[in-house]
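Heads up, upload19.txt below (compact mmCIF, C-alpha atoms and all ligand atoms):
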# COMPACT_ATOMS: atom_id res chain seq x y z
CA MET A 1333 63.49 57.21 -11.31
CA GLU A 1334 65.21 53.87 -10.86
CA SER A 1335 65.09 54.00 -7.09
CA VAL A 1336 61.47 55.26 -7.08
CA LEU A 1337 60.24 52.49 -9.38
CA SER A 1338 62.00 49.84 -7.31
CA ARG A 1339 59.52 50.55 -4.50
CA PRO A 1340 56.70 47.98 -4.70
CA VAL A 1341 53.90 50.55 -4.16
CA VAL A 1342 55.12 52.89 -6.93
CA SER A 1343 55.70 49.91 -9.17
CA TRP A 1344 52.17 48.63 -8.59
CA MET A 1345 50.70 52.07 -9.22
CA ALA A 1346 52.60 52.37 -12.50
CA ARG A 1347 51.17 49.04 -13.64
CA ILE A 1348 47.61 49.88 -12.60
CA VAL A 1349 47.68 53.37 -14.18
CA GLY A 1350 49.38 52.04 -17.32
CA ALA A 1351 46.82 49.24 -17.70
CA GLY A 1352 43.99 51.72 -17.08
CA LEU A 1353 45.28 54.03 -19.84
CA LEU A 1354 45.46 51.07 -22.26
CA VAL A 1355 41.84 50.21 -21.41
CA VAL A 1356 40.81 53.83 -22.09
CA THR A 1357 42.43 53.92 -25.55
CA GLY A 1358 40.87 50.50 -26.31
CA ALA A 1359 37.45 51.78 -25.18
CA ILE A 1360 37.72 54.94 -27.33
CA HIS A 1361 38.61 52.82 -30.38
CA LEU A 1362 35.77 50.37 -29.62
CA ASP A 1363 33.32 53.28 -29.48
CA LEU A 1364 34.64 54.73 -32.76
CA TYR A 1365 34.41 51.27 -34.34
CA LEU A 1366 30.80 50.75 -33.28
CA THR A 1367 29.70 54.25 -34.30
CA GLY A 1368 31.04 54.16 -37.84
CA TYR A 1369 34.65 53.15 -38.34
CA ARG A 1370 33.56 49.53 -38.88
CA HIS A 1371 32.47 50.59 -42.37
CA ILE A 1372 35.95 51.79 -43.36
CA PRO A 1373 37.98 49.25 -45.36
CA THR A 1374 41.23 48.08 -43.62
CA ILE A 1375 40.87 50.73 -40.89
CA GLY A 1376 37.78 48.91 -39.47
CA PRO A 1377 39.58 45.56 -38.97
CA LEU A 1378 42.63 47.43 -37.63
CA PHE A 1379 40.39 49.02 -35.00
CA VAL A 1380 39.23 45.53 -33.91
CA LEU A 1381 42.88 44.52 -33.63
CA GLN A 1382 43.64 47.69 -31.64
CA VAL A 1383 40.78 47.06 -29.18
CA ILE A 1384 41.71 43.39 -28.60
CA SER A 1385 45.43 44.24 -28.23
CA ALA A 1386 44.69 47.07 -25.80
CA PHE A 1387 42.63 44.83 -23.50
CA VAL A 1388 45.03 41.85 -23.71
CA LEU A 1389 48.07 44.04 -23.00
CA ALA A 1390 46.27 45.79 -20.11
CA LEU A 1391 45.58 42.35 -18.62
CA ALA A 1392 49.21 41.27 -19.12
CA VAL A 1393 50.50 44.44 -17.45
CA LEU A 1394 48.17 43.87 -14.49
CA ALA A 1395 48.77 40.14 -14.18
CA THR A 1396 52.56 40.06 -14.46
CA PRO A 1397 55.36 42.32 -13.17
CA TRP A 1398 57.31 41.58 -16.33
CA ARG A 1399 58.93 44.52 -17.99
CA ILE A 1400 58.39 42.92 -21.39
CA ALA A 1401 54.59 43.23 -20.90
CA ALA A 1402 54.90 46.91 -19.99
CA ALA A 1403 57.32 47.48 -22.88
CA SER A 1404 54.83 45.88 -25.30
CA GLY A 1405 52.03 48.07 -23.92
CA ALA A 1406 54.23 51.18 -24.31
CA LEU A 1407 55.18 50.37 -27.91
CA PHE A 1408 51.56 49.50 -28.72
CA ALA A 1409 50.39 52.89 -27.38
CA LEU A 1410 53.07 54.64 -29.43
CA SER A 1411 52.10 52.72 -32.62
CA THR A 1412 48.43 53.58 -32.16
CA LEU A 1413 49.38 57.25 -31.86
CA GLY A 1414 51.67 56.91 -34.88
CA GLY A 1415 48.81 55.47 -36.95
CA TYR A 1416 46.56 58.34 -35.88
CA VAL A 1417 49.11 61.05 -36.73
CA LEU A 1418 49.87 59.38 -40.09
CA SER A 1419 46.16 59.20 -40.99
CA LEU A 1420 45.81 62.89 -40.06
CA TRP A 1421 48.76 64.14 -42.04
CA PHE A 1422 49.17 61.81 -44.97
CA GLY A 1423 46.18 59.46 -44.96
CA LEU A 1424 46.38 55.76 -44.14
CA PHE A 1425 44.87 52.95 -46.22
CA ASN A 1426 42.83 55.37 -48.32
CA PHE A 1427 41.47 57.09 -45.20
CA ASN A 1428 42.17 60.71 -44.25
CA GLU A 1429 41.36 61.30 -40.58
CA VAL A 1430 39.87 64.64 -39.52
CA ARG A 1431 40.76 66.37 -36.28
CA THR A 1432 38.25 65.72 -33.51
CA ALA A 1433 38.34 66.24 -29.75
CA ALA A 1434 38.00 62.46 -29.25
CA GLY A 1435 41.02 61.83 -31.48
CA ILE A 1436 43.22 64.34 -29.65
CA VAL A 1437 42.11 62.96 -26.24
CA ALA A 1438 42.92 59.41 -27.40
CA GLY A 1439 46.34 60.66 -28.55
CA ALA A 1440 47.02 62.24 -25.15
CA VAL A 1441 45.97 59.01 -23.38
CA GLU A 1442 48.34 57.03 -25.61
CA ILE A 1443 51.26 59.36 -24.80
CA ALA A 1444 50.48 59.02 -21.08
CA ALA A 1445 50.35 55.22 -21.42
CA PHE A 1446 53.68 55.27 -23.25
CA ILE A 1447 55.34 57.38 -20.54
CA VAL A 1448 54.01 55.31 -17.60
CA LEU A 1449 54.60 51.88 -19.14
CA GLY A 1450 57.82 52.93 -20.86
CA CYS A 1451 59.29 54.24 -17.59
CA TYR A 1452 58.21 51.06 -15.80
CA ALA A 1453 59.81 48.89 -18.48
CA ALA A 1454 62.99 50.95 -18.55
CA PHE A 1455 63.50 51.77 -14.89
CA ALA A 1456 61.83 49.14 -12.69
CA THR A 1457 64.41 47.03 -10.89
CA GLY A 1458 64.58 44.19 -8.44
CA ARG A 1459 61.87 41.57 -8.06
CA GLU A 1460 59.10 43.90 -9.21
CA GLY A 1461 60.59 44.55 -12.61
CA SER A 1462 62.47 41.38 -13.35
CA ALA A 1463 61.25 38.62 -15.57
CA PRO A 1464 63.07 35.38 -16.30
CA VAL A 1465 64.01 36.74 -19.69
CA THR A 1466 65.38 40.06 -18.46
CA ARG A 1467 67.17 38.95 -15.29
CA ARG A 1468 70.36 38.17 -17.13
CA LEU A 1469 70.72 41.73 -18.38
CA THR A 1470 73.06 44.00 -16.50
CA PRO A 1471 71.50 47.34 -15.56
CA GLY A 1472 72.14 50.04 -18.10
CA ALA A 1473 73.18 47.62 -20.81
CA GLY A 1474 71.37 45.89 -23.67
CA THR A 1475 67.73 46.45 -24.56
CA PHE A 1476 66.78 48.19 -21.34
CA GLY A 1477 69.82 50.42 -21.45
CA VAL A 1478 68.61 51.69 -24.82
CA ALA A 1479 65.07 51.99 -23.42
CA ARG A 1480 66.30 54.13 -20.52
CA ARG A 1481 67.86 56.62 -22.86
CA ALA A 1482 65.03 56.56 -25.41
CA VAL A 1483 61.78 56.59 -23.42
CA LEU A 1484 61.58 60.26 -22.47
CA PRO A 1485 62.93 61.70 -25.76
CA LEU A 1486 60.43 59.50 -27.64
CA ALA A 1487 57.60 60.74 -25.41
CA ALA A 1488 58.68 64.33 -26.12
CA VAL A 1489 58.65 63.72 -29.90
CA ALA A 1490 55.19 62.09 -29.66
CA LEU A 1491 53.89 65.02 -27.62
CA VAL A 1492 55.18 67.57 -30.14
CA ALA A 1493 53.62 65.58 -33.02
CA LEU A 1494 50.24 65.51 -31.25
CA VAL A 1495 50.33 69.21 -30.26
CA VAL A 1496 51.26 70.24 -33.81
CA SER A 1497 48.44 68.02 -35.14
CA ALA A 1498 45.92 69.50 -32.71
CA ALA A 1499 46.96 73.08 -33.41
CA SER A 1500 47.09 72.78 -37.19
CA ASN A 1501 44.20 73.15 -39.57
CA GLY A 1502 46.03 70.72 -41.80
CA PRO A 1503 45.42 69.67 -45.36
CA THR A 1504 42.38 67.47 -44.74
CA SER A 1505 39.76 69.86 -43.38
CA ALA A 1506 37.69 70.96 -46.34
CA SER A 1507 36.82 74.61 -46.48
CA PRO A 1508 33.20 75.58 -45.99
CA SER A 1509 33.51 78.24 -48.71
CA GLY A 1510 32.26 75.78 -51.32
CA GLN A 1511 29.08 75.39 -49.32
CA ALA A 1512 28.55 79.14 -49.06
CA ALA A 1513 29.17 79.60 -52.77
CA ALA A 1514 26.83 76.73 -53.58
CA ALA A 1515 24.01 78.17 -51.52
CA THR A 1516 23.86 81.32 -53.60
CA GLY A 1517 24.02 79.74 -57.06
CA GLY A 1518 21.92 77.47 -59.23
CA SER A 1519 18.28 77.17 -60.11
CA GLY A 1520 15.42 76.53 -57.72
CA LYS A 1521 15.31 72.77 -58.29
CA SER A 1522 17.12 70.30 -56.05
CA VAL A 1523 17.73 66.57 -55.63
CA LYS A 1524 18.47 64.77 -52.39
CA VAL A 1525 21.40 62.46 -51.63
CA LEU A 1526 21.85 60.53 -48.40
CA ILE A 1527 25.14 59.52 -46.80
CA LYS A 1528 24.67 56.40 -44.72
CA ASN A 1529 27.14 53.72 -43.55
CA PHE A 1530 29.98 55.41 -45.44
CA ALA A 1531 28.20 55.32 -48.79
CA PHE A 1532 26.30 57.73 -51.05
CA LEU A 1533 22.65 56.87 -51.65
CA PRO A 1534 22.19 56.91 -54.57
CA ALA A 1535 25.77 56.66 -55.81
CA LYS A 1536 24.66 57.80 -59.27
CA VAL A 1537 22.84 61.13 -59.19
CA THR A 1538 21.17 62.48 -62.32
CA VAL A 1539 20.56 66.23 -62.43
CA SER A 1540 19.93 69.15 -64.76
CA PRO A 1541 22.67 71.76 -65.31
CA GLY A 1542 22.92 74.09 -62.30
CA GLU A 1543 20.56 71.99 -60.19
CA LYS A 1544 21.16 71.90 -56.44
CA VAL A 1545 22.09 68.65 -54.71
CA VAL A 1546 21.18 68.58 -51.03
CA ILE A 1547 23.27 66.03 -49.13
CA THR A 1548 22.17 64.72 -45.72
CA ASN A 1549 24.73 62.97 -43.55
CA GLU A 1550 23.09 60.24 -41.45
CA ASP A 1551 26.40 58.83 -40.18
CA SER A 1552 28.02 59.66 -36.85
CA VAL A 1553 31.16 61.08 -38.48
CA ALA A 1554 31.71 64.01 -40.85
CA HIS A 1555 31.71 63.48 -44.62
CA ASN A 1556 31.85 65.69 -47.69
CA VAL A 1557 31.12 65.63 -51.40
CA VAL A 1558 34.01 66.80 -53.56
CA TRP A 1559 34.71 66.51 -57.27
CA THR A 1560 37.37 63.79 -57.69
CA PRO A 1561 40.67 65.35 -58.80
CA ASN A 1562 42.22 64.22 -62.09
CA THR A 1563 38.93 63.03 -63.55
CA SER A 1564 37.21 64.64 -66.47
CA PRO A 1565 35.19 66.66 -67.05
CA VAL A 1566 36.77 69.07 -64.59
CA ALA A 1567 34.52 70.62 -61.94
CA THR A 1568 35.10 72.42 -58.68
CA PHE A 1569 32.14 71.50 -56.51
CA ASN A 1570 32.86 70.92 -52.80
CA SER A 1571 30.17 70.64 -50.13
CA GLY A 1572 32.65 71.33 -47.31
CA ASP A 1573 32.59 68.96 -44.33
CA ILE A 1574 29.05 67.92 -43.42
CA ASN A 1575 28.78 67.05 -39.74
CA PRO A 1576 26.65 64.15 -38.46
CA GLY A 1577 22.93 64.86 -38.86
CA LYS A 1578 23.55 67.99 -40.97
CA THR A 1579 22.97 68.76 -44.64
CA GLY A 1580 25.35 70.20 -47.19
CA LEU A 1581 24.91 71.54 -50.69
CA ILE A 1582 26.58 71.42 -54.05
CA VAL A 1583 25.44 72.91 -57.36
CA ALA A 1584 25.68 70.78 -60.49
CA PRO A 1585 28.05 72.12 -63.17
CA SER A 1586 26.35 73.80 -66.15
CA LYS A 1587 28.20 71.68 -68.71
CA PRO A 1588 26.62 68.24 -69.35
CA GLY A 1589 28.77 65.23 -68.47
CA SER A 1590 29.48 62.58 -65.86
CA TYR A 1591 31.34 64.12 -62.94
CA HIS A 1592 33.02 61.75 -60.50
CA PHE A 1593 32.92 62.72 -56.86
CA ASP A 1594 34.08 61.26 -53.56
CA CYS A 1595 34.37 62.06 -49.88
CA SER A 1596 37.85 63.53 -49.43
CA ILE A 1597 37.97 62.15 -45.88
CA HIS A 1598 37.10 58.63 -47.06
CA PRO A 1599 38.17 58.43 -50.73
CA PHE A 1600 36.69 54.91 -51.00
CA MET A 1601 33.27 56.62 -50.88
CA THR A 1602 32.63 57.42 -54.52
CA GLY A 1603 29.73 58.47 -56.74
CA VAL A 1604 28.98 60.08 -60.04
CA LEU A 1605 26.96 63.19 -60.84
CA VAL A 1606 25.36 62.91 -64.28
CA VAL A 1607 24.44 66.31 -65.72
CA ASN A 1608 22.17 66.21 -68.79
CU CU A 1701 33.34 60.40 -45.62

What is this file in structure tokens?
Ligand SMILES: [Cu+2]
Amino acid sequence: MESVLSRPVVSWMARIVGAGLLVVTGAIHLDLYLTGYRHIPTIGPLFVLQVISAFVLALAVLATPWRIAAASGALFALSTLGGYVLSLWFGLFNFNEVRTAAGIVAGAVEIAAFIVLGCYAAFATGREGSAPVTRRLTPGAGTFGVARRAVLPLAAVALVALVVSAASNGPTSASPSGQAAAATGGSGKSVKVLIKNFAFLPAKVTVSPGEKVVITNEDSVAHNVVWTPNTSPVATFNSGDINPGKTGLIVAPSKPGSYHFDCSIHPFMTGVLVVN
């Protein structure tokens, strides 16, 4: 690896490919931001930061042969992936990501960027790899000695985390059984609720007991309508995930009361179902 990356052509290719991969992950996040994520608190601004960082780091990797630029790009790619996996498994800033093809592709691009830039940072030698800051370091010692030992094991861990995430149904995907159950119950009447720009319109829905609520998702990401846990009165309604442009259904509980609901993917989206 060391001898290969000391060749100028290989070194150049690593920088071009690494920068290209950073641009791709920035572009995916820019697209997600413009098509909906800009409405999500904290996550929206973080996406702006991700896009700017991705493009700036790509430029730095292209413009300089410095290993510190490549190392920053590699760590940035790994952090982006880490944020994604965290939001999938545990939720991040009140946001529970759902598995999508775009998300998994972005994750794979970030792992590739980490491998290419991480190997460049760890293994490039000679004039191509050296920066004023790093020239003093003896090969195999200090920061880059650690990087040499860590880059491939870290890539392997990241890959396993992504594959497990892609393969798992996970805790966040709502079951469609609530939707099926809802479709068969209730009276003939129904009210309509819109989901637009990560909000319920109206947020306060007044219905009769057992009335159907038809929910139309006008956003470009999936949402759902789920009774908020640990609020009273207790109810069990769950629309299941409603894909962009689709409609979902819940049936109002038969007992009068004010039932709080949210979108389990975006718990900051809240509303109340008033049954009287
Ligand atoms: Cu939502």

Rank nothing, just name the residue among A:Glu1550, A:Asp1594, A:Asp1363, A:Glu1442 nearest to ligand CU 1701 (chain A), using all atoms listed in the file.
A:Asp1594

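For the choices A:Val1417, A:Ile1582, A:Ile1384, A:Ala1554, the atom-to-atom distance to ligand CU 1701 (chain A) is smallest for A:Ala1554 when using only C-alpha atoms and all ligand atoms.
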
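A straight line drawn from atom CA of Leu1381 of chain A to atom CA of Leu1491 of chain A is 24.0 Å long.
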
Between atom CA of Leu1484 of chain A and atom CA of Arg1399 of chain A, what is the distance, to one decimal in Å?
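Here the two named atoms are 16.6 Å from each other.
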
Contact check, chain A to ligand CU 1701 (chain A), at most 7 Å, counting only C-alpha atoms and all ligand atoms, closest pairs as CSV:
residue,atom,partner,partner_atom,distance
A:Phe1530,CA,A:CU1701,CU,6.0
A:Ala1554,CA,A:CU1701,CU,6.2
A:His1555,CA,A:CU1701,CU,3.6
A:Asn1556,CA,A:CU1701,CU,5.9
A:Cys1595,CA,A:CU1701,CU,4.7
A:Ser1596,CA,A:CU1701,CU,6.7
A:Ile1597,CA,A:CU1701,CU,5.0
A:His1598,CA,A:CU1701,CU,4.4
A:Met1601,CA,A:CU1701,CU,6.5

For atom CA of Gly1450 of chain A and atom CA of Ala1386 of chain A, determine how far apart the two atoms are, in Å to one decimal place.
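Here the two named atoms are 15.2 Å from each other.
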
List as a list in words the protein and nucleic acid residues near Val1545 of chain A, meaning an atom at most 6 Å away when all atoms listed in the file are counted, but skip any in the same chain fewer than 3 places from it.
Ser1522, Val1523, Lys1524, Leu1581 and Ile1582 of chain A

Keeping only C-alpha atoms, write the selected residues to a file as a short mmCIF file (atom, residue, chain, number, x, y, z; two decimals), keeping the file's coordinate frame.
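This is the output file result.cif:
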data_model
loop_
_atom_site.label_atom_id
_atom_site.label_comp_id
_atom_site.auth_asym_id
_atom_site.auth_seq_id
_atom_site.Cartn_x
_atom_site.Cartn_y
_atom_site.Cartn_z
CA SER A 1522 17.12 70.30 -56.05
CA VAL A 1523 17.73 66.57 -55.63
CA LYS A 1524 18.47 64.77 -52.39
CA LEU A 1581 24.91 71.54 -50.69
CA ILE A 1582 26.58 71.42 -54.05
#

Sphere at (50.4, 45.3, -20.2), radius 12 Å, counting only C-alpha atoms: residues as a VMD selection string
chain A and resid 1346 to 1355 1385 to 1409 1445 to 1446 1448 to 1450 1452 to 1453

Dump as a tab-separated table (two decimals), in the coordinates of the input, selection limited to C-alpha atoms:
chain	number	residue	atom	x	y	z
A	1346	ALA	CA	52.60	52.37	-12.50
A	1347	ARG	CA	51.17	49.04	-13.64
A	1348	ILE	CA	47.61	49.88	-12.60
A	1349	VAL	CA	47.68	53.37	-14.18
A	1350	GLY	CA	49.38	52.04	-17.32
A	1351	ALA	CA	46.82	49.24	-17.70
A	1352	GLY	CA	43.99	51.72	-17.08
A	1353	LEU	CA	45.28	54.03	-19.84
A	1354	LEU	CA	45.46	51.07	-22.26
A	1355	VAL	CA	41.84	50.21	-21.41
A	1385	SER	CA	45.43	44.24	-28.23
A	1386	ALA	CA	44.69	47.07	-25.80
A	1387	PHE	CA	42.63	44.83	-23.50
A	1388	VAL	CA	45.03	41.85	-23.71
A	1389	LEU	CA	48.07	44.04	-23.00
A	1390	ALA	CA	46.27	45.79	-20.11
A	1391	LEU	CA	45.58	42.35	-18.62
A	1392	ALA	CA	49.21	41.27	-19.12
A	1393	VAL	CA	50.50	44.44	-17.45
A	1394	LEU	CA	48.17	43.87	-14.49
A	1395	ALA	CA	48.77	40.14	-14.18
A	1396	THR	CA	52.56	40.06	-14.46
A	1397	PRO	CA	55.36	42.32	-13.17
A	1398	TRP	CA	57.31	41.58	-16.33
A	1399	ARG	CA	58.93	44.52	-17.99
A	1400	ILE	CA	58.39	42.92	-21.39
A	1401	ALA	CA	54.59	43.23	-20.90
A	1402	ALA	CA	54.90	46.91	-19.99
A	1403	ALA	CA	57.32	47.48	-22.88
A	1404	SER	CA	54.83	45.88	-25.30
A	1405	GLY	CA	52.03	48.07	-23.92
A	1406	ALA	CA	54.23	51.18	-24.31
A	1407	LEU	CA	55.18	50.37	-27.91
A	1408	PHE	CA	51.56	49.50	-28.72
A	1409	ALA	CA	50.39	52.89	-27.38
A	1445	ALA	CA	50.35	55.22	-21.42
A	1446	PHE	CA	53.68	55.27	-23.25
A	1448	VAL	CA	54.01	55.31	-17.60
A	1449	LEU	CA	54.60	51.88	-19.14
A	1450	GLY	CA	57.82	52.93	-20.86
A	1452	TYR	CA	58.21	51.06	-15.80
A	1453	ALA	CA	59.81	48.89	-18.48

Pick out the closest residue to Val1336 of chain A from this set: A:His1361, A:Leu1366, A:Ala1456, A:Gly1376. Count only C-alpha atoms.
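The answer is A:Ala1456, which sits nearest to Val1336 of chain A.
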
Using all atoms listed in the file: which of A:Thr1579, A:Thr1432, A:Asn1529, A:Ser1590 has the shortest distance to Ser1564 of chain A
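Closest to Ser1564 of chain A of all the choices is A:Ser1590.
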
Residues at most 7 Å from Pro1588 of chain A, counting all atoms listed in the file, excluding those fewer than 5 positions away in the same chain, as a list in words?
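Counting only the stated atoms, we get Pro1541, Val1607 and Asn1608 of chain A.
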
Min atom-atom distance to Ile1574 of chain A from the set A:Val1553, A:Leu1362, A:Ala1490, A:Val1604, counting only C-alpha atoms, belongs to A:Val1553

Please identify all polymer residues within 10 Å of Leu1533 of chain A, counting only C-alpha atoms, omitting same-chain residues fewer than 5 positions from it, and present them as an NGL selection string.
:A and (1524-1528 or 1547-1548 or 1603)

Among the residues A:Val1478, A:Ala1535, A:Cys1451, A:Val1437, the one that comes closest to Val1342 of chain A [using only C-alpha atoms]:
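Nearest to Val1342 of chain A: A:Cys1451.
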
From the coordinates I just gave you, please extract segment 1388-1481 of chain A so that only C-alpha atoms remain, then output it as a PDB file, in the first residue's frame.
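What ended up in decode_17.pdb:
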ATOM      1  CA  VAL A1388     -14.937  22.501   1.024  1.00  0.00           C
ATOM      2  CA  LEU A1389     -13.119  19.278   1.970  1.00  0.00           C
ATOM      3  CA  ALA A1390     -13.408  17.949  -1.603  1.00  0.00           C
ATOM      4  CA  LEU A1391     -11.779  21.174  -2.808  1.00  0.00           C
ATOM      5  CA  ALA A1392      -9.027  20.921  -0.170  1.00  0.00           C
ATOM      6  CA  VAL A1393      -8.285  17.308  -1.130  1.00  0.00           C
ATOM      7  CA  LEU A1394      -8.064  18.292  -4.802  1.00  0.00           C
ATOM      8  CA  ALA A1395      -6.075  21.477  -4.270  1.00  0.00           C
ATOM      9  CA  THR A1396      -3.442  20.208  -1.830  1.00  0.00           C
ATOM     10  CA  PRO A1397      -1.500  16.937  -1.503  1.00  0.00           C
ATOM     11  CA  TRP A1398      -1.633  17.321   2.262  1.00  0.00           C
ATOM     12  CA  ARG A1399      -2.499  14.232   4.197  1.00  0.00           C
ATOM     13  CA  ILE A1400      -4.270  16.349   6.805  1.00  0.00           C
ATOM     14  CA  ALA A1401      -6.860  17.384   4.165  1.00  0.00           C
ATOM     15  CA  ALA A1402      -7.470  13.758   3.192  1.00  0.00           C
ATOM     16  CA  ALA A1403      -7.587  12.728   6.854  1.00  0.00           C
ATOM     17  CA  SER A1404     -10.212  15.429   7.547  1.00  0.00           C
ATOM     18  CA  GLY A1405     -12.258  14.242   4.556  1.00  0.00           C
ATOM     19  CA  ALA A1406     -12.029  10.631   5.780  1.00  0.00           C
ATOM     20  CA  LEU A1407     -13.122  11.500   9.331  1.00  0.00           C
ATOM     21  CA  PHE A1408     -15.901  13.719   7.974  1.00  0.00           C
ATOM     22  CA  ALA A1409     -17.235  10.849   5.824  1.00  0.00           C
ATOM     23  CA  LEU A1410     -17.114   8.530   8.835  1.00  0.00           C
ATOM     24  CA  SER A1411     -18.952  11.060  11.056  1.00  0.00           C
ATOM     25  CA  THR A1412     -21.673  11.547   8.454  1.00  0.00           C
ATOM     26  CA  LEU A1413     -22.162   7.780   8.335  1.00  0.00           C
ATOM     27  CA  GLY A1414     -22.118   7.652  12.146  1.00  0.00           C
ATOM     28  CA  GLY A1415     -24.870  10.289  12.310  1.00  0.00           C
ATOM     29  CA  TYR A1416     -26.941   8.322   9.811  1.00  0.00           C
ATOM     30  CA  VAL A1417     -26.579   5.004  11.663  1.00  0.00           C
ATOM     31  CA  LEU A1418     -27.359   6.702  15.009  1.00  0.00           C
ATOM     32  CA  SER A1419     -30.502   8.342  13.591  1.00  0.00           C
ATOM     33  CA  LEU A1420     -31.586   4.949  12.207  1.00  0.00           C
ATOM     34  CA  TRP A1421     -31.046   2.974  15.380  1.00  0.00           C
ATOM     35  CA  PHE A1422     -31.583   5.353  18.242  1.00  0.00           C
ATOM     36  CA  GLY A1423     -32.885   8.605  16.770  1.00  0.00           C
ATOM     37  CA  LEU A1424     -30.900  11.840  16.657  1.00  0.00           C
ATOM     38  CA  PHE A1425     -32.172  15.255  17.777  1.00  0.00           C
ATOM     39  CA  ASN A1426     -35.763  14.038  17.995  1.00  0.00           C
ATOM     40  CA  PHE A1427     -35.576  12.540  14.500  1.00  0.00           C
ATOM     41  CA  ASN A1428     -35.854   8.825  13.718  1.00  0.00           C
ATOM     42  CA  GLU A1429     -34.541   8.099  10.223  1.00  0.00           C
ATOM     43  CA  VAL A1430     -36.243   5.420   8.113  1.00  0.00           C
ATOM     44  CA  ARG A1431     -34.355   3.075   5.826  1.00  0.00           C
ATOM     45  CA  THR A1432     -34.339   4.235   2.216  1.00  0.00           C
ATOM     46  CA  ALA A1433     -32.294   3.225  -0.821  1.00  0.00           C
ATOM     47  CA  ALA A1434     -30.854   6.776  -0.980  1.00  0.00           C
ATOM     48  CA  GLY A1435     -29.711   6.550   2.639  1.00  0.00           C
ATOM     49  CA  ILE A1436     -27.982   3.196   2.151  1.00  0.00           C
ATOM     50  CA  VAL A1437     -26.311   4.429  -1.079  1.00  0.00           C
ATOM     51  CA  ALA A1438     -25.085   7.557   0.737  1.00  0.00           C
ATOM     52  CA  GLY A1439     -23.719   5.313   3.505  1.00  0.00           C
ATOM     53  CA  ALA A1440     -21.843   3.156   0.987  1.00  0.00           C
ATOM     54  CA  VAL A1441     -20.393   6.287  -0.680  1.00  0.00           C
ATOM     55  CA  GLU A1442     -19.225   7.547   2.722  1.00  0.00           C
ATOM     56  CA  ILE A1443     -17.493   4.233   3.505  1.00  0.00           C
ATOM     57  CA  ALA A1444     -15.778   4.337   0.092  1.00  0.00           C
ATOM     58  CA  ALA A1445     -14.667   7.932   0.729  1.00  0.00           C
ATOM     59  CA  PHE A1446     -13.330   6.916   4.138  1.00  0.00           C
ATOM     60  CA  ILE A1447     -11.332   4.014   2.673  1.00  0.00           C
ATOM     61  CA  VAL A1448      -9.832   6.021  -0.229  1.00  0.00           C
ATOM     62  CA  LEU A1449      -9.026   9.177   1.750  1.00  0.00           C
ATOM     63  CA  GLY A1450      -8.066   7.260   4.888  1.00  0.00           C
ATOM     64  CA  CYS A1451      -5.590   5.089   2.967  1.00  0.00           C
ATOM     65  CA  TYR A1452      -4.173   8.182   1.261  1.00  0.00           C
ATOM     66  CA  ALA A1453      -3.753   9.950   4.594  1.00  0.00           C
ATOM     67  CA  ALA A1454      -2.244   6.903   6.267  1.00  0.00           C
ATOM     68  CA  PHE A1455      -0.053   5.480   3.525  1.00  0.00           C
ATOM     69  CA  ALA A1456       0.972   8.230   1.081  1.00  0.00           C
ATOM     70  CA  THR A1457       4.671   8.997   1.380  1.00  0.00           C
ATOM     71  CA  GLY A1458       7.261  11.233  -0.169  1.00  0.00           C
ATOM     72  CA  ARG A1459       6.473  14.591  -1.739  1.00  0.00           C
ATOM     73  CA  GLU A1460       2.929  13.599  -2.700  1.00  0.00           C
ATOM     74  CA  GLY A1461       1.813  12.905   0.826  1.00  0.00           C
ATOM     75  CA  SER A1462       3.919  15.243   2.883  1.00  0.00           C
ATOM     76  CA  ALA A1463       2.760  18.515   4.284  1.00  0.00           C
ATOM     77  CA  PRO A1464       4.859  20.944   6.304  1.00  0.00           C
ATOM     78  CA  VAL A1465       3.084  19.783   9.427  1.00  0.00           C
ATOM     79  CA  THR A1466       3.571  16.061   8.844  1.00  0.00           C
ATOM     80  CA  ARG A1467       7.117  16.019   7.462  1.00  0.00           C
ATOM     81  CA  ARG A1468       8.656  15.818  10.891  1.00  0.00           C
ATOM     82  CA  LEU A1469       6.882  12.563  11.698  1.00  0.00           C
ATOM     83  CA  THR A1470       8.834   9.382  11.273  1.00  0.00           C
ATOM     84  CA  PRO A1471       7.015   6.742   9.227  1.00  0.00           C
ATOM     85  CA  GLY A1472       5.009   4.346  11.333  1.00  0.00           C
ATOM     86  CA  ALA A1473       5.097   6.556  14.397  1.00  0.00           C
ATOM     87  CA  GLY A1474       2.764   9.181  15.850  1.00  0.00           C
ATOM     88  CA  THR A1475      -0.611  10.112  14.383  1.00  0.00           C
ATOM     89  CA  PHE A1476      -0.081   8.435  11.038  1.00  0.00           C
ATOM     90  CA  GLY A1477       1.248   5.277  12.635  1.00  0.00           C
ATOM     91  CA  VAL A1478      -2.046   4.987  14.497  1.00  0.00           C
ATOM     92  CA  ALA A1479      -3.931   5.819  11.273  1.00  0.00           C
ATOM     93  CA  ARG A1480      -2.143   3.022   9.411  1.00  0.00           C
ATOM     94  CA  ARG A1481      -3.279   0.461  11.912  1.00  0.00           C
TER      95      ARG A1481
END
